[in-house]
Amino acid sequence: MTVFYFLSALIGYLLGSVSISVILSTYVLHADVRQHGSGNAGATNIARVFGARAGVLTLLGDMLKTVAAGVIGQLLAGRMGLVLACAGCVIGHSWPVFFKFRGGKGVAVSACIGLLLDWRFFLILFAVFFLVFFLTKRVSACSVVSALVYPWAYWLLHPAFGAEHILCFFICVLVVFLHRSNIRRLLRGEEAKFRFKSEKKTQ
């Protein structure tokens with residue numbers, strides 16, 4: 001069984017390393033999103049730089065790869081395989097081996113992991129994210145607050161401790177860590193509100 005645990009994590013990492021925003025921006029829009037806007041390879045930055053359509057496509061692609069990782073992990077090693085594949089996927093998304101370890105901040109992948117764990121959990125995260133967005137119009141604030149809520153919301157629904165709880169705490173710490181520069185700007189009142197726009201013309 002140990003080999004299946006390892007394969008679940010490895011496959012999750014490799015799927016997570018398929019950076020949809022980098023592929024879309026570099027090979028379709030002909031400008032690496034990591035060279036524009038915030039420099040982040042995530043759905044929010046590509047939406048800011050190239051517009052809503054690119055953002056939605058990136059979001060859907062990130063969710064699809066997460067579902068694929070989770071399903072494969074589940075098939076290989078049951079619930080523990082799903083947990084390990086999801087952990088690998090969010091790590092791969094953040095530090096993709098195929099793109100010089102420069103990836104996104106794990107928000108879309110983490111949300112999709114929430115859906116794989118429990119649809120009610122996902123709805124709580126969804127509600128928190130959009131409530132904070134309604135109040136602040138800052139995606140980074142939504143992401144950080146949702147990350148902080150992440151493990152406690154899952155614990156509320158599933159009090160019996162298990163591997164899923166460790167995954168949720170890991171995701172909380174990871175997403176907050178990856179948003180550390182955003183947190184500093186939020187504290188200084190310098191974080192920009194989210195707006196769709198096109199900063200870079202495609203060729």
# chains A, B, ... in the order shown; residues from 1 in each chain; ligands from 1
>>> select_by_dssp(residues="range 20-201 of chain A", states="helix (DSSP H, G or I)", output="VMD selection string")
chain A and resid 20 to 27 33 to 35 43 to 50 52 to 94 97 to 99 107 to 117 119 to 136 139 to 157 163 to 178 180 to 188
>>> residues_around(residues="range 92-107 of chain A", least_positions_apart="6", cutoff="7 Å", atoms="only C-alpha atoms", output="mmCIF file with all heavy atoms, in the first residue's frame")
data_model
loop_
_atom_site.group_PDB
_atom_site.id
_atom_site.type_symbol
_atom_site.label_atom_id
_atom_site.label_comp_id
_atom_site.auth_asym_id
_atom_site.auth_seq_id
_atom_site.Cartn_x
_atom_site.Cartn_y
_atom_site.Cartn_z
ATOM 1 N N TYR A 13 1.223 15.748 -7.501
ATOM 2 C CA TYR A 13 2.202 16.820 -7.708
ATOM 3 C C TYR A 13 2.401 17.119 -9.188
ATOM 4 O O TYR A 13 2.443 18.290 -9.594
ATOM 5 C CB TYR A 13 3.540 16.456 -7.064
ATOM 6 C CG TYR A 13 4.612 17.476 -7.343
ATOM 7 C CD1 TYR A 13 4.614 18.692 -6.673
ATOM 8 C CD2 TYR A 13 5.581 17.252 -8.314
ATOM 9 C CE1 TYR A 13 5.572 19.656 -6.944
ATOM 10 C CE2 TYR A 13 6.544 18.206 -8.593
ATOM 11 C CZ TYR A 13 6.533 19.406 -7.909
ATOM 12 O OH TYR A 13 7.470 20.373 -8.196
ATOM 13 N N LEU A 14 2.524 16.100 -10.009
ATOM 14 C CA LEU A 14 2.758 16.299 -11.438
ATOM 15 C C LEU A 14 1.549 16.959 -12.104
ATOM 16 O O LEU A 14 1.707 17.845 -12.956
ATOM 17 C CB LEU A 14 3.085 14.970 -12.108
ATOM 18 C CG LEU A 14 4.420 14.333 -11.690
ATOM 19 C CD1 LEU A 14 4.587 12.967 -12.337
ATOM 20 C CD2 LEU A 14 5.601 15.241 -12.040
ATOM 21 N N GLY A 16 -0.624 18.862 -10.522
ATOM 22 C CA GLY A 16 -0.632 20.231 -10.001
ATOM 23 C C GLY A 16 0.371 21.113 -10.713
ATOM 24 O O GLY A 16 0.160 22.324 -10.871
ATOM 25 N N SER A 17 1.479 20.512 -11.164
ATOM 26 C CA SER A 17 2.533 21.268 -11.847
ATOM 27 C C SER A 17 2.147 21.700 -13.259
ATOM 28 O O SER A 17 2.881 22.466 -13.885
ATOM 29 C CB SER A 17 3.819 20.429 -11.906
ATOM 30 O OG SER A 17 4.378 20.267 -10.622
ATOM 31 N N VAL A 18 1.023 21.197 -13.758
ATOM 32 C CA VAL A 18 0.530 21.647 -15.065
ATOM 33 C C VAL A 18 -0.119 23.018 -14.842
ATOM 34 O O VAL A 18 -1.290 23.134 -14.502
ATOM 35 C CB VAL A 18 -0.485 20.644 -15.659
ATOM 36 C CG1 VAL A 18 -0.995 21.154 -17.002
ATOM 37 C CG2 VAL A 18 0.151 19.272 -15.812
ATOM 38 N N SER A 19 0.668 24.065 -15.014
ATOM 39 C CA SER A 19 0.213 25.426 -14.725
ATOM 40 C C SER A 19 -0.629 25.955 -15.883
ATOM 41 O O SER A 19 -0.108 26.365 -16.923
ATOM 42 C CB SER A 19 1.417 26.340 -14.482
ATOM 43 O OG SER A 19 0.994 27.630 -14.126
ATOM 44 N N ASN A 40 2.136 36.586 -10.448
ATOM 45 C CA ASN A 40 1.626 35.316 -9.947
ATOM 46 C C ASN A 40 0.981 34.511 -11.072
ATOM 47 O O ASN A 40 0.284 35.071 -11.920
ATOM 48 C CB ASN A 40 0.605 35.575 -8.834
ATOM 49 C CG ASN A 40 0.045 34.298 -8.263
ATOM 50 O OD1 ASN A 40 0.788 33.402 -7.880
ATOM 51 N ND2 ASN A 40 -1.270 34.206 -8.220
ATOM 52 N N ALA A 41 1.197 33.199 -11.054
ATOM 53 C CA ALA A 41 0.631 32.333 -12.100
ATOM 54 C C ALA A 41 -0.681 31.729 -11.626
ATOM 55 O O ALA A 41 -0.817 30.515 -11.482
ATOM 56 C CB ALA A 41 1.624 31.236 -12.459
ATOM 57 N N GLY A 42 -1.655 32.592 -11.375
ATOM 58 C CA GLY A 42 -2.952 32.131 -10.903
ATOM 59 C C GLY A 42 -4.088 32.761 -11.671
ATOM 60 O O GLY A 42 -3.884 33.646 -12.517
ATOM 61 N N SER A 143 -8.959 35.378 -0.011
ATOM 62 C CA SER A 143 -8.151 34.161 0.002
ATOM 63 C C SER A 143 -7.596 33.884 1.389
ATOM 64 O O SER A 143 -7.628 32.745 1.875
ATOM 65 C CB SER A 143 -7.006 34.281 -1.001
ATOM 66 O OG SER A 143 -7.511 34.520 -2.305
ATOM 67 N N VAL A 175 -1.434 28.528 2.096
ATOM 68 C CA VAL A 175 -2.056 29.666 1.404
ATOM 69 C C VAL A 175 -1.729 30.978 2.101
ATOM 70 O O VAL A 175 -1.434 31.986 1.449
ATOM 71 C CB VAL A 175 -3.583 29.466 1.292
ATOM 72 C CG1 VAL A 175 -4.259 30.720 0.741
ATOM 73 C CG2 VAL A 175 -3.892 28.267 0.390
ATOM 74 N N LEU A 178 1.884 31.850 1.230
ATOM 75 C CA LEU A 178 2.037 32.327 -0.140
ATOM 76 C C LEU A 178 1.445 33.725 -0.336
ATOM 77 O O LEU A 178 1.779 34.402 -1.311
ATOM 78 C CB LEU A 178 1.379 31.344 -1.110
ATOM 79 C CG LEU A 178 2.086 29.982 -1.234
ATOM 80 C CD1 LEU A 178 1.245 29.010 -2.062
ATOM 81 C CD2 LEU A 178 3.467 30.147 -1.854
#
>>> closest_residue(among="A:Phe194, A:Phe170, A:Phe121, A:Phe50", to="Val83 in chain A", atoms="only C-alpha atoms")
A:Phe170
>>> atom_distance(atom1="CA of Cys168 in chain A", atom2="CA of Pro151 in chain A")
4.8 Å
>>> residues_around(residues="Thr44 in chain A", least_positions_apart="5", cutoff="10 Å", atoms="only C-alpha atoms", output="compact mmCIF listing (two decimals) with N, CA and C atoms, in the first residue's frame")
# COMPACT_ATOMS: atom_id res chain seq x y z
N SER A 21 -2.41 28.67 -16.22
CA SER A 21 -2.24 30.09 -16.56
C SER A 21 -0.98 30.32 -17.39
N GLY A 37 1.52 42.06 -14.39
CA GLY A 37 0.68 42.20 -13.20
C GLY A 37 1.47 41.92 -11.94
N SER A 38 0.92 41.06 -11.08
CA SER A 38 1.57 40.72 -9.82
C SER A 38 2.69 39.71 -9.99
N VAL A 49 -4.76 40.68 -16.04
CA VAL A 49 -3.90 41.04 -17.17
C VAL A 49 -4.58 40.82 -18.51
N GLY A 51 -8.01 39.55 -18.92
CA GLY A 51 -9.46 39.63 -18.95
C GLY A 51 -10.17 38.42 -18.37
N ALA A 52 -11.51 38.54 -18.28
CA ALA A 52 -12.32 37.55 -17.59
C ALA A 52 -12.27 36.18 -18.24
N ALA A 54 -9.89 34.62 -19.90
CA ALA A 54 -8.66 33.91 -19.53
C ALA A 54 -8.70 33.48 -18.07
N GLY A 55 -9.27 34.32 -17.23
CA GLY A 55 -9.38 33.98 -15.81
C GLY A 55 -10.28 32.78 -15.58
N VAL A 56 -11.41 32.75 -16.26
CA VAL A 56 -12.35 31.64 -16.11
C VAL A 56 -11.76 30.35 -16.64
N THR A 58 -8.62 29.56 -16.83
CA THR A 58 -7.60 29.13 -15.89
C THR A 58 -8.22 28.49 -14.66
N LEU A 59 -9.27 29.12 -14.14
CA LEU A 59 -9.96 28.57 -12.97
C LEU A 59 -10.50 27.18 -13.24
N GLY A 104 1.22 29.35 -8.81
CA GLY A 104 0.19 30.18 -8.21
C GLY A 104 0.19 30.09 -6.70
N LYS A 105 -0.87 30.60 -6.09
CA LYS A 105 -0.93 30.66 -4.63
C LYS A 105 -1.92 29.67 -4.04
N VAL A 107 -5.18 28.96 -4.34
CA VAL A 107 -6.54 29.25 -3.89
C VAL A 107 -7.57 28.40 -4.63
N ALA A 108 -7.52 28.41 -5.96
CA ALA A 108 -8.50 27.64 -6.73
C ALA A 108 -8.37 26.14 -6.45
N VAL A 139 -9.27 40.38 -3.62
CA VAL A 139 -9.22 38.92 -3.70
C VAL A 139 -8.25 38.35 -2.69
N SER A 140 -7.15 39.03 -2.44
CA SER A 140 -6.18 38.52 -1.48
C SER A 140 -6.78 38.42 -0.08
N PHE A 194 -9.83 44.45 -6.83
CA PHE A 194 -9.82 43.64 -8.03
C PHE A 194 -10.65 44.28 -9.14
N ARG A 195 -10.07 44.32 -10.33
CA ARG A 195 -10.79 44.78 -11.53
C ARG A 195 -10.30 43.97 -12.71
N PHE A 196 -11.25 43.59 -13.57
CA PHE A 196 -10.86 42.96 -14.84
C PHE A 196 -10.32 44.04 -15.75
>>> atom_distance(atom1="CA of Ala153 in chain A", atom2="CA of Leu115 in chain A")
12.6 Å
>>> residues_around(residues="Leu64 in chain A", least_positions_apart="5", cutoff="10 Å", atoms="only C-alpha atoms", output="list in words")
Leu15, Thr58, Leu59, Ala69, Gly70, Val109 and Cys112 of chain A
>>> atom_distance(atom1="CA of Leu10 in chain A", atom2="CA of Leu167 in chain A")
15.8 Å
>>> residues_around(residues="Leu76 in chain A", least_positions_apart="2", cutoff="6 Å", atoms="only C-alpha atoms", output="ChimeraX atom specification")
/A:4,73-74
>>> write_last_selection(atoms="all heavy atoms", output="short mmCIF file (atom, residue, chain, number, x, y, z; two decimals), in the first residue's frame")
data_model
loop_
_atom_site.label_atom_id
_atom_site.label_comp_id
_atom_site.auth_asym_id
_atom_site.auth_seq_id
_atom_site.Cartn_x
_atom_site.Cartn_y
_atom_site.Cartn_z
N PHE A 4 1.42 2.82 -3.31
CA PHE A 4 0.26 3.51 -3.85
C PHE A 4 0.09 4.89 -3.20
O PHE A 4 -0.38 5.83 -3.85
CB PHE A 4 -1.00 2.66 -3.67
CG PHE A 4 -1.00 1.42 -4.52
CD1 PHE A 4 -0.91 0.17 -3.95
CD2 PHE A 4 -1.08 1.51 -5.90
CE1 PHE A 4 -0.89 -0.97 -4.73
CE2 PHE A 4 -1.08 0.38 -6.70
CZ PHE A 4 -0.98 -0.87 -6.11
N GLY A 73 -5.98 9.50 -7.00
CA GLY A 73 -5.53 9.12 -5.66
C GLY A 73 -6.52 8.22 -4.96
O GLY A 73 -6.14 7.24 -4.30
N GLN A 74 -7.81 8.53 -5.10
CA GLN A 74 -8.87 7.71 -4.50
C GLN A 74 -8.85 6.29 -5.08
O GLN A 74 -8.98 5.31 -4.34
CB GLN A 74 -10.22 8.36 -4.75
CG GLN A 74 -11.42 7.60 -4.20
CD GLN A 74 -11.71 7.94 -2.76
OE1 GLN A 74 -11.65 9.09 -2.35
NE2 GLN A 74 -12.05 6.94 -1.98
#
>>> residues_around(residues="Val144 in chain A", least_positions_apart="5", cutoff="10 Å", atoms="only C-alpha atoms", output="JSON, numbers by chain")
{"A": [107, 129, 132, 139, 149, 150, 172, 173, 175, 176, 177, 178, 179, 180, 182, 183]}
>>> closest_residue(among="A:Lys193, A:Thr26, A:Val90, A:Leu60", to="Phe134 in chain A", atoms="only C-alpha atoms")
A:Lys193
>>> decode(residues="range 46-73 of chain A", atoms="N, CA, C and O atoms", output="CSV table (one decimal), in the first residue's frame")
chain,number,residue,atom,x,y,z
A,46,ILE,N,-4.1,36.4,-14.1
A,46,ILE,CA,-4.4,36.3,-15.5
A,46,ILE,C,-5.7,37.0,-15.9
A,46,ILE,O,-5.8,37.6,-17.0
A,47,ALA,N,-6.6,37.0,-15.0
A,47,ALA,CA,-7.9,37.8,-15.3
A,47,ALA,C,-7.6,39.3,-15.3
A,47,ALA,O,-8.1,40.0,-16.1
A,48,ARG,N,-6.7,39.7,-14.4
A,48,ARG,CA,-6.4,41.1,-14.3
A,48,ARG,C,-5.7,41.5,-15.6
A,48,ARG,O,-5.9,42.6,-16.1
A,49,VAL,N,-4.8,40.7,-16.0
A,49,VAL,CA,-3.9,41.0,-17.2
A,49,VAL,C,-4.6,40.8,-18.5
A,49,VAL,O,-4.5,41.7,-19.4
A,50,PHE,N,-5.3,39.7,-18.7
A,50,PHE,CA,-5.8,39.3,-20.0
A,50,PHE,C,-7.3,39.3,-20.0
A,50,PHE,O,-7.9,39.1,-21.1
A,51,GLY,N,-8.0,39.5,-18.9
A,51,GLY,CA,-9.5,39.6,-18.9
A,51,GLY,C,-10.2,38.4,-18.4
A,51,GLY,O,-9.6,37.4,-18.0
A,52,ALA,N,-11.5,38.5,-18.3
A,52,ALA,CA,-12.3,37.6,-17.6
A,52,ALA,C,-12.3,36.2,-18.2
A,52,ALA,O,-12.2,35.2,-17.5
A,53,ARG,N,-12.3,36.1,-19.6
A,53,ARG,CA,-12.3,34.8,-20.2
A,53,ARG,C,-11.1,34.0,-19.9
A,53,ARG,O,-11.2,32.8,-19.6
A,54,ALA,N,-9.9,34.6,-19.9
A,54,ALA,CA,-8.7,33.9,-19.5
A,54,ALA,C,-8.7,33.5,-18.1
A,54,ALA,O,-8.2,32.4,-17.7
A,55,GLY,N,-9.3,34.3,-17.2
A,55,GLY,CA,-9.4,34.0,-15.8
A,55,GLY,C,-10.3,32.8,-15.6
A,55,GLY,O,-9.9,31.9,-14.8
A,56,VAL,N,-11.4,32.8,-16.3
A,56,VAL,CA,-12.4,31.6,-16.1
A,56,VAL,C,-11.8,30.3,-16.6
A,56,VAL,O,-11.9,29.3,-16.0
A,57,LEU,N,-11.1,30.4,-17.8
A,57,LEU,CA,-10.5,29.2,-18.4
A,57,LEU,C,-9.4,28.7,-17.4
A,57,LEU,O,-9.3,27.4,-17.2
A,58,THR,N,-8.6,29.6,-16.8
A,58,THR,CA,-7.6,29.1,-15.9
A,58,THR,C,-8.2,28.5,-14.7
A,58,THR,O,-7.8,27.4,-14.2
A,59,LEU,N,-9.3,29.1,-14.1
A,59,LEU,CA,-10.0,28.6,-13.0
A,59,LEU,C,-10.5,27.2,-13.2
A,59,LEU,O,-10.3,26.2,-12.5
A,60,LEU,N,-11.1,27.0,-14.4
A,60,LEU,CA,-11.7,25.7,-14.8
A,60,LEU,C,-10.6,24.7,-14.9
A,60,LEU,O,-10.7,23.5,-14.5
A,61,GLY,N,-9.5,25.1,-15.6
A,61,GLY,CA,-8.4,24.1,-15.8
A,61,GLY,C,-7.8,23.7,-14.4
A,61,GLY,O,-7.4,22.5,-14.2
A,62,ASP,N,-7.6,24.7,-13.5
A,62,ASP,CA,-7.0,24.4,-12.2
A,62,ASP,C,-7.9,23.4,-11.4
A,62,ASP,O,-7.5,22.5,-10.7
A,63,MET,N,-9.2,23.6,-11.6
A,63,MET,CA,-10.2,22.7,-10.9
A,63,MET,C,-10.2,21.3,-11.5
A,63,MET,O,-10.3,20.3,-10.8
A,64,LEU,N,-10.1,21.3,-12.8
A,64,LEU,CA,-10.1,20.0,-13.5
A,64,LEU,C,-8.9,19.2,-13.1
A,64,LEU,O,-9.0,18.0,-12.8
A,65,LYS,N,-7.7,19.8,-13.0
A,65,LYS,CA,-6.5,19.0,-12.7
A,65,LYS,C,-6.6,18.5,-11.2
A,65,LYS,O,-6.1,17.5,-10.9
A,66,THR,N,-7.2,19.3,-10.4
A,66,THR,CA,-7.4,18.9,-9.0
A,66,THR,C,-8.3,17.8,-8.8
A,66,THR,O,-8.1,16.8,-8.1
A,67,VAL,N,-9.4,17.8,-9.6
A,67,VAL,CA,-10.4,16.7,-9.6
A,67,VAL,C,-9.7,15.4,-10.1
A,67,VAL,O,-9.8,14.3,-9.5
A,68,ALA,N,-8.9,15.6,-11.2
A,68,ALA,CA,-8.2,14.4,-11.7
A,68,ALA,C,-7.3,13.8,-10.7
A,68,ALA,O,-7.2,12.6,-10.5
A,69,ALA,N,-6.5,14.7,-10.0
A,69,ALA,CA,-5.6,14.2,-9.0
A,69,ALA,C,-6.3,13.5,-7.9
A,69,ALA,O,-5.9,12.4,-7.5
A,70,GLY,N,-7.4,14.1,-7.4
A,70,GLY,CA,-8.1,13.4,-6.3
A,70,GLY,C,-8.8,12.1,-6.7
A,70,GLY,O,-8.7,11.1,-5.9
A,71,VAL,N,-9.3,12.0,-7.9
A,71,VAL,CA,-10.0,10.8,-8.4
A,71,VAL,C,-8.9,9.7,-8.5
A,71,VAL,O,-9.1,8.5,-8.1
A,72,ILE,N,-7.8,10.0,-9.1
A,72,ILE,CA,-6.7,9.0,-9.3
A,72,ILE,C,-6.2,8.5,-7.9
A,72,ILE,O,-6.0,7.3,-7.7
A,73,GLY,N,-6.0,9.5,-7.0
A,73,GLY,CA,-5.5,9.1,-5.7
A,73,GLY,C,-6.5,8.2,-5.0
A,73,GLY,O,-6.1,7.2,-4.3
